[in-house]
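Structure, as structure tokens:
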Amino acid sequence: MTDPTVPDPAPYSKPIPPGTGATAPTPSLSIISMILGILGLIIGFVGGGLLFSVGGVVLGHLGQRKEPEARGFWLTGLITGYIGILINVIVIIIWIIVLASLAGTGAYWYYDR
């Protein structure tokens, strides 16, 4: 006999395998922003990373709007991008001054054969 006060057990169901749930989207803009910002900062010491730094800043701001959960990536891209722009501008100004002073002295870099 069954006791009417005891509920029937729940029916058996298959266990849900791991990894079948919804996955979070990859923060692509923020990761690319960080990579470009770091590249622009490193290459900026020779005056050639301005484009990378600007790309890091632009993608960092896009990542800030579209991927707020990836704060570390886009914040790193913004910080290194802005510092890279500053370093690039300073290095480019130094290159212009050096090359202008060499052109003004009449010193030419060629071999007389």
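Identifiers in this document derive from the order of the structure tokens: chains are assigned A, B, ..., residues are numbered from 1 separately in each chain, and ligands are numbered from 1 in order of occurrence.
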*Distance query Val54 in chain A at most 12 Å, only C-alpha atoms, self and fewer than 6 positions along chain excluded, as number ranges by chain*: A: 33-41, 44, 48, 60-61, 77-86, 88-89
Pull the closest atom pair for each residue of range 39-79 of chain A that gets at most 12 Å from range 92-101 of chain A, along with the distance in Å to one decimal, counting only C-alpha atoms, ordering rows by chain and then ascending residue number, as CSV.
residue,atom,partner,partner_atom,distance
A:Gly44,CA,A:Ile92,CA,9.1
A:Phe45,CA,A:Ile92,CA,9.4
A:Val46,CA,A:Ile92,CA,8.3
A:Gly47,CA,A:Ile92,CA,5.5
A:Gly48,CA,A:Ile92,CA,8.5
A:Gly49,CA,A:Ile92,CA,10.3
A:Leu50,CA,A:Ile92,CA,9.5
*Spatial neighbours of Leu29 in chain A, 12 Å, only C-alpha atoms, chain gap at least 3 places, as a PyMOL selection string*: chain A and resi 25-26+32-37+55-71+73-75+77-78
Dump N, CA and C atoms for the selected residues as a compact mmCIF listing (two decimals), in the first residue's frame?
# COMPACT_ATOMS: atom_id res chain seq x y z
N PRO A 25 30.28 35.55 -25.10
CA PRO A 25 30.99 35.94 -26.32
C PRO A 25 32.42 36.38 -26.01
N THR A 26 33.31 36.13 -26.93
CA THR A 26 34.71 36.53 -26.77
C THR A 26 34.83 38.04 -26.95
N ILE A 32 41.92 42.90 -29.09
CA ILE A 32 42.69 43.52 -30.18
C ILE A 32 43.14 44.92 -29.78
N SER A 33 42.31 45.64 -29.03
CA SER A 33 42.70 46.96 -28.54
C SER A 33 43.92 46.87 -27.64
N MET A 34 43.94 45.90 -26.76
CA MET A 34 45.09 45.73 -25.87
C MET A 34 46.35 45.38 -26.66
N ILE A 35 46.23 44.48 -27.63
CA ILE A 35 47.38 44.09 -28.43
C ILE A 35 47.92 45.27 -29.23
N LEU A 36 47.04 46.03 -29.88
CA LEU A 36 47.48 47.19 -30.66
C LEU A 36 48.08 48.27 -29.78
N GLY A 37 47.50 48.48 -28.60
CA GLY A 37 48.05 49.48 -27.69
C GLY A 37 49.45 49.13 -27.24
N GLY A 55 44.87 52.86 -33.38
CA GLY A 55 43.96 51.71 -33.49
C GLY A 55 43.59 51.15 -32.13
N GLY A 56 44.56 51.11 -31.21
CA GLY A 56 44.29 50.64 -29.86
C GLY A 56 43.30 51.53 -29.12
N VAL A 57 43.43 52.84 -29.31
CA VAL A 57 42.51 53.78 -28.66
C VAL A 57 41.10 53.66 -29.24
N VAL A 58 41.01 53.60 -30.56
CA VAL A 58 39.69 53.52 -31.21
C VAL A 58 38.97 52.23 -30.80
N LEU A 59 39.68 51.10 -30.89
CA LEU A 59 39.05 49.83 -30.53
C LEU A 59 38.80 49.75 -29.02
N GLY A 60 39.61 50.43 -28.23
CA GLY A 60 39.37 50.46 -26.78
C GLY A 60 38.07 51.16 -26.45
N HIS A 61 37.80 52.27 -27.13
CA HIS A 61 36.54 52.97 -26.89
C HIS A 61 35.34 52.17 -27.41
N LEU A 62 35.51 51.48 -28.53
CA LEU A 62 34.43 50.62 -29.02
C LEU A 62 34.18 49.46 -28.06
N GLY A 63 35.25 48.88 -27.55
CA GLY A 63 35.12 47.80 -26.58
C GLY A 63 34.48 48.27 -25.29
N GLN A 64 34.75 49.51 -24.90
CA GLN A 64 34.16 50.08 -23.70
C GLN A 64 32.64 50.15 -23.83
N ARG A 65 32.16 50.47 -25.00
CA ARG A 65 30.72 50.57 -25.21
C ARG A 65 30.06 49.20 -25.42
N LYS A 66 30.70 48.35 -26.21
CA LYS A 66 30.06 47.09 -26.60
C LYS A 66 30.39 45.91 -25.71
N GLU A 67 31.52 45.96 -25.00
CA GLU A 67 31.96 44.84 -24.17
C GLU A 67 32.36 45.33 -22.77
N PRO A 68 31.41 45.83 -22.00
CA PRO A 68 31.77 46.38 -20.68
C PRO A 68 32.30 45.33 -19.71
N GLU A 69 32.01 44.05 -19.96
CA GLU A 69 32.48 43.00 -19.05
C GLU A 69 33.98 42.73 -19.21
N ALA A 70 34.59 43.19 -20.30
CA ALA A 70 36.02 42.98 -20.56
C ALA A 70 36.81 44.23 -20.21
N ARG A 71 36.53 44.79 -19.05
CA ARG A 71 37.11 46.08 -18.65
C ARG A 71 38.63 46.06 -18.64
N PHE A 73 40.77 44.40 -20.47
CA PHE A 73 41.36 44.43 -21.80
C PHE A 73 41.26 45.80 -22.45
N TRP A 74 40.05 46.39 -22.47
CA TRP A 74 39.91 47.67 -23.16
C TRP A 74 40.57 48.80 -22.38
N LEU A 75 40.63 48.69 -21.06
CA LEU A 75 41.30 49.73 -20.28
C LEU A 75 42.81 49.69 -20.54
N GLY A 77 44.16 48.64 -23.33
CA GLY A 77 44.29 49.17 -24.68
C GLY A 77 44.23 50.68 -24.72
N LEU A 78 43.33 51.27 -23.93
CA LEU A 78 43.23 52.73 -23.89
C LEU A 78 44.47 53.37 -23.27
*May I ask for the distance between CA of Val91 in chain A and CA of Ile43 in chain A, given in Å to one decimal place?*
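Answer for the CA of Val91 in chain A to CA of Ile43 in chain A separation: 10.7 Å.
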_Quick check for you: according to DSSP on this backbone, which residues of chain A are classed as alpha helix (DSSP H)? Reply as a ChimeraX atom specification._
/A:28-43,50-66,71-105
Please produce a file of the residues just selected, as a PDB file, in the first residue's frame, where the atoms kept are C-alpha atoms.
ATOM      1  CA  SER A  28      37.411  40.493 -29.533  1.00  0.00           C
ATOM      2  CA  LEU A  29      37.463  44.295 -29.763  1.00  0.00           C
ATOM      3  CA  SER A  30      38.939  44.649 -26.300  1.00  0.00           C
ATOM      4  CA  ILE A  31      41.630  42.010 -26.835  1.00  0.00           C
ATOM      5  CA  ILE A  32      42.687  43.524 -30.182  1.00  0.00           C
ATOM      6  CA  SER A  33      42.695  46.957 -28.536  1.00  0.00           C
ATOM      7  CA  MET A  34      45.086  45.726 -25.868  1.00  0.00           C
ATOM      8  CA  ILE A  35      47.384  44.086 -28.432  1.00  0.00           C
ATOM      9  CA  LEU A  36      47.481  47.187 -30.662  1.00  0.00           C
ATOM     10  CA  GLY A  37      48.045  49.484 -27.693  1.00  0.00           C
ATOM     11  CA  ILE A  38      50.999  47.442 -26.461  1.00  0.00           C
ATOM     12  CA  LEU A  39      52.469  47.185 -29.988  1.00  0.00           C
ATOM     13  CA  GLY A  40      52.103  50.937 -30.491  1.00  0.00           C
ATOM     14  CA  LEU A  41      53.820  51.596 -27.179  1.00  0.00           C
ATOM     15  CA  ILE A  42      56.756  49.294 -27.932  1.00  0.00           C
ATOM     16  CA  ILE A  43      57.232  50.321 -31.568  1.00  0.00           C
ATOM     17  CA  LEU A  50      51.466  55.756 -34.205  1.00  0.00           C
ATOM     18  CA  LEU A  51      48.978  53.796 -36.309  1.00  0.00           C
ATOM     19  CA  PHE A  52      48.965  50.909 -33.821  1.00  0.00           C
ATOM     20  CA  SER A  53      48.386  53.291 -30.905  1.00  0.00           C
ATOM     21  CA  VAL A  54      45.517  55.078 -32.627  1.00  0.00           C
ATOM     22  CA  GLY A  55      43.961  51.712 -33.494  1.00  0.00           C
ATOM     23  CA  GLY A  56      44.286  50.639 -29.856  1.00  0.00           C
ATOM     24  CA  VAL A  57      42.513  53.781 -28.657  1.00  0.00           C
ATOM     25  CA  VAL A  58      39.688  53.518 -31.207  1.00  0.00           C
ATOM     26  CA  LEU A  59      39.052  49.833 -30.526  1.00  0.00           C
ATOM     27  CA  GLY A  60      39.370  50.463 -26.782  1.00  0.00           C
ATOM     28  CA  HIS A  61      36.540  52.970 -26.887  1.00  0.00           C
ATOM     29  CA  LEU A  62      34.433  50.615 -29.022  1.00  0.00           C
ATOM     30  CA  GLY A  63      35.119  47.797 -26.576  1.00  0.00           C
ATOM     31  CA  GLN A  64      34.158  50.079 -23.698  1.00  0.00           C
ATOM     32  CA  ARG A  65      30.716  50.570 -25.214  1.00  0.00           C
ATOM     33  CA  LYS A  66      30.055  47.093 -26.600  1.00  0.00           C
ATOM     34  CA  ARG A  71      37.108  46.079 -18.648  1.00  0.00           C
ATOM     35  CA  GLY A  72      40.689  44.946 -18.112  1.00  0.00           C
ATOM     36  CA  PHE A  73      41.364  44.426 -21.799  1.00  0.00           C
ATOM     37  CA  TRP A  74      39.914  47.672 -23.157  1.00  0.00           C
ATOM     38  CA  LEU A  75      41.303  49.728 -20.279  1.00  0.00           C
ATOM     39  CA  THR A  76      44.792  48.370 -20.990  1.00  0.00           C
ATOM     40  CA  GLY A  77      44.292  49.168 -24.682  1.00  0.00           C
ATOM     41  CA  LEU A  78      43.228  52.730 -23.893  1.00  0.00           C
ATOM     42  CA  ILE A  79      46.044  53.442 -21.450  1.00  0.00           C
ATOM     43  CA  THR A  80      48.815  51.970 -23.593  1.00  0.00           C
ATOM     44  CA  GLY A  81      47.295  53.530 -26.716  1.00  0.00           C
ATOM     45  CA  TYR A  82      47.260  57.063 -25.302  1.00  0.00           C
ATOM     46  CA  ILE A  83      50.768  56.699 -23.867  1.00  0.00           C
ATOM     47  CA  GLY A  84      51.915  55.257 -27.204  1.00  0.00           C
ATOM     48  CA  ILE A  85      50.468  58.249 -29.085  1.00  0.00           C
ATOM     49  CA  LEU A  86      52.323  60.621 -26.749  1.00  0.00           C
ATOM     50  CA  ILE A  87      55.621  58.741 -27.130  1.00  0.00           C
ATOM     51  CA  ASN A  88      55.202  58.513 -30.914  1.00  0.00           C
ATOM     52  CA  VAL A  89      54.566  62.239 -31.265  1.00  0.00           C
ATOM     53  CA  ILE A  90      57.602  63.076 -29.103  1.00  0.00           C
ATOM     54  CA  VAL A  91      59.867  60.686 -31.046  1.00  0.00           C
ATOM     55  CA  ILE A  92      58.628  62.008 -34.400  1.00  0.00           C
ATOM     56  CA  ILE A  93      59.341  65.594 -33.286  1.00  0.00           C
ATOM     57  CA  ILE A  94      62.836  64.549 -32.192  1.00  0.00           C
ATOM     58  CA  TRP A  95      63.419  62.854 -35.582  1.00  0.00           C
ATOM     59  CA  ILE A  96      62.281  66.001 -37.403  1.00  0.00           C
ATOM     60  CA  ILE A  97      64.630  68.184 -35.331  1.00  0.00           C
ATOM     61  CA  VAL A  98      67.588  65.843 -35.857  1.00  0.00           C
ATOM     62  CA  LEU A  99      67.028  65.535 -39.599  1.00  0.00           C
ATOM     63  CA  ALA A 100      66.475  69.292 -39.994  1.00  0.00           C
ATOM     64  CA  SER A 101      69.681  70.049 -38.114  1.00  0.00           C
ATOM     65  CA  LEU A 102      71.623  67.585 -40.291  1.00  0.00           C
ATOM     66  CA  ALA A 103      70.206  69.162 -43.437  1.00  0.00           C
ATOM     67  CA  GLY A 104      71.112  72.640 -42.183  1.00  0.00           C
ATOM     68  CA  THR A 105      74.763  71.777 -41.509  1.00  0.00           C
TER      69      THR A 105
END
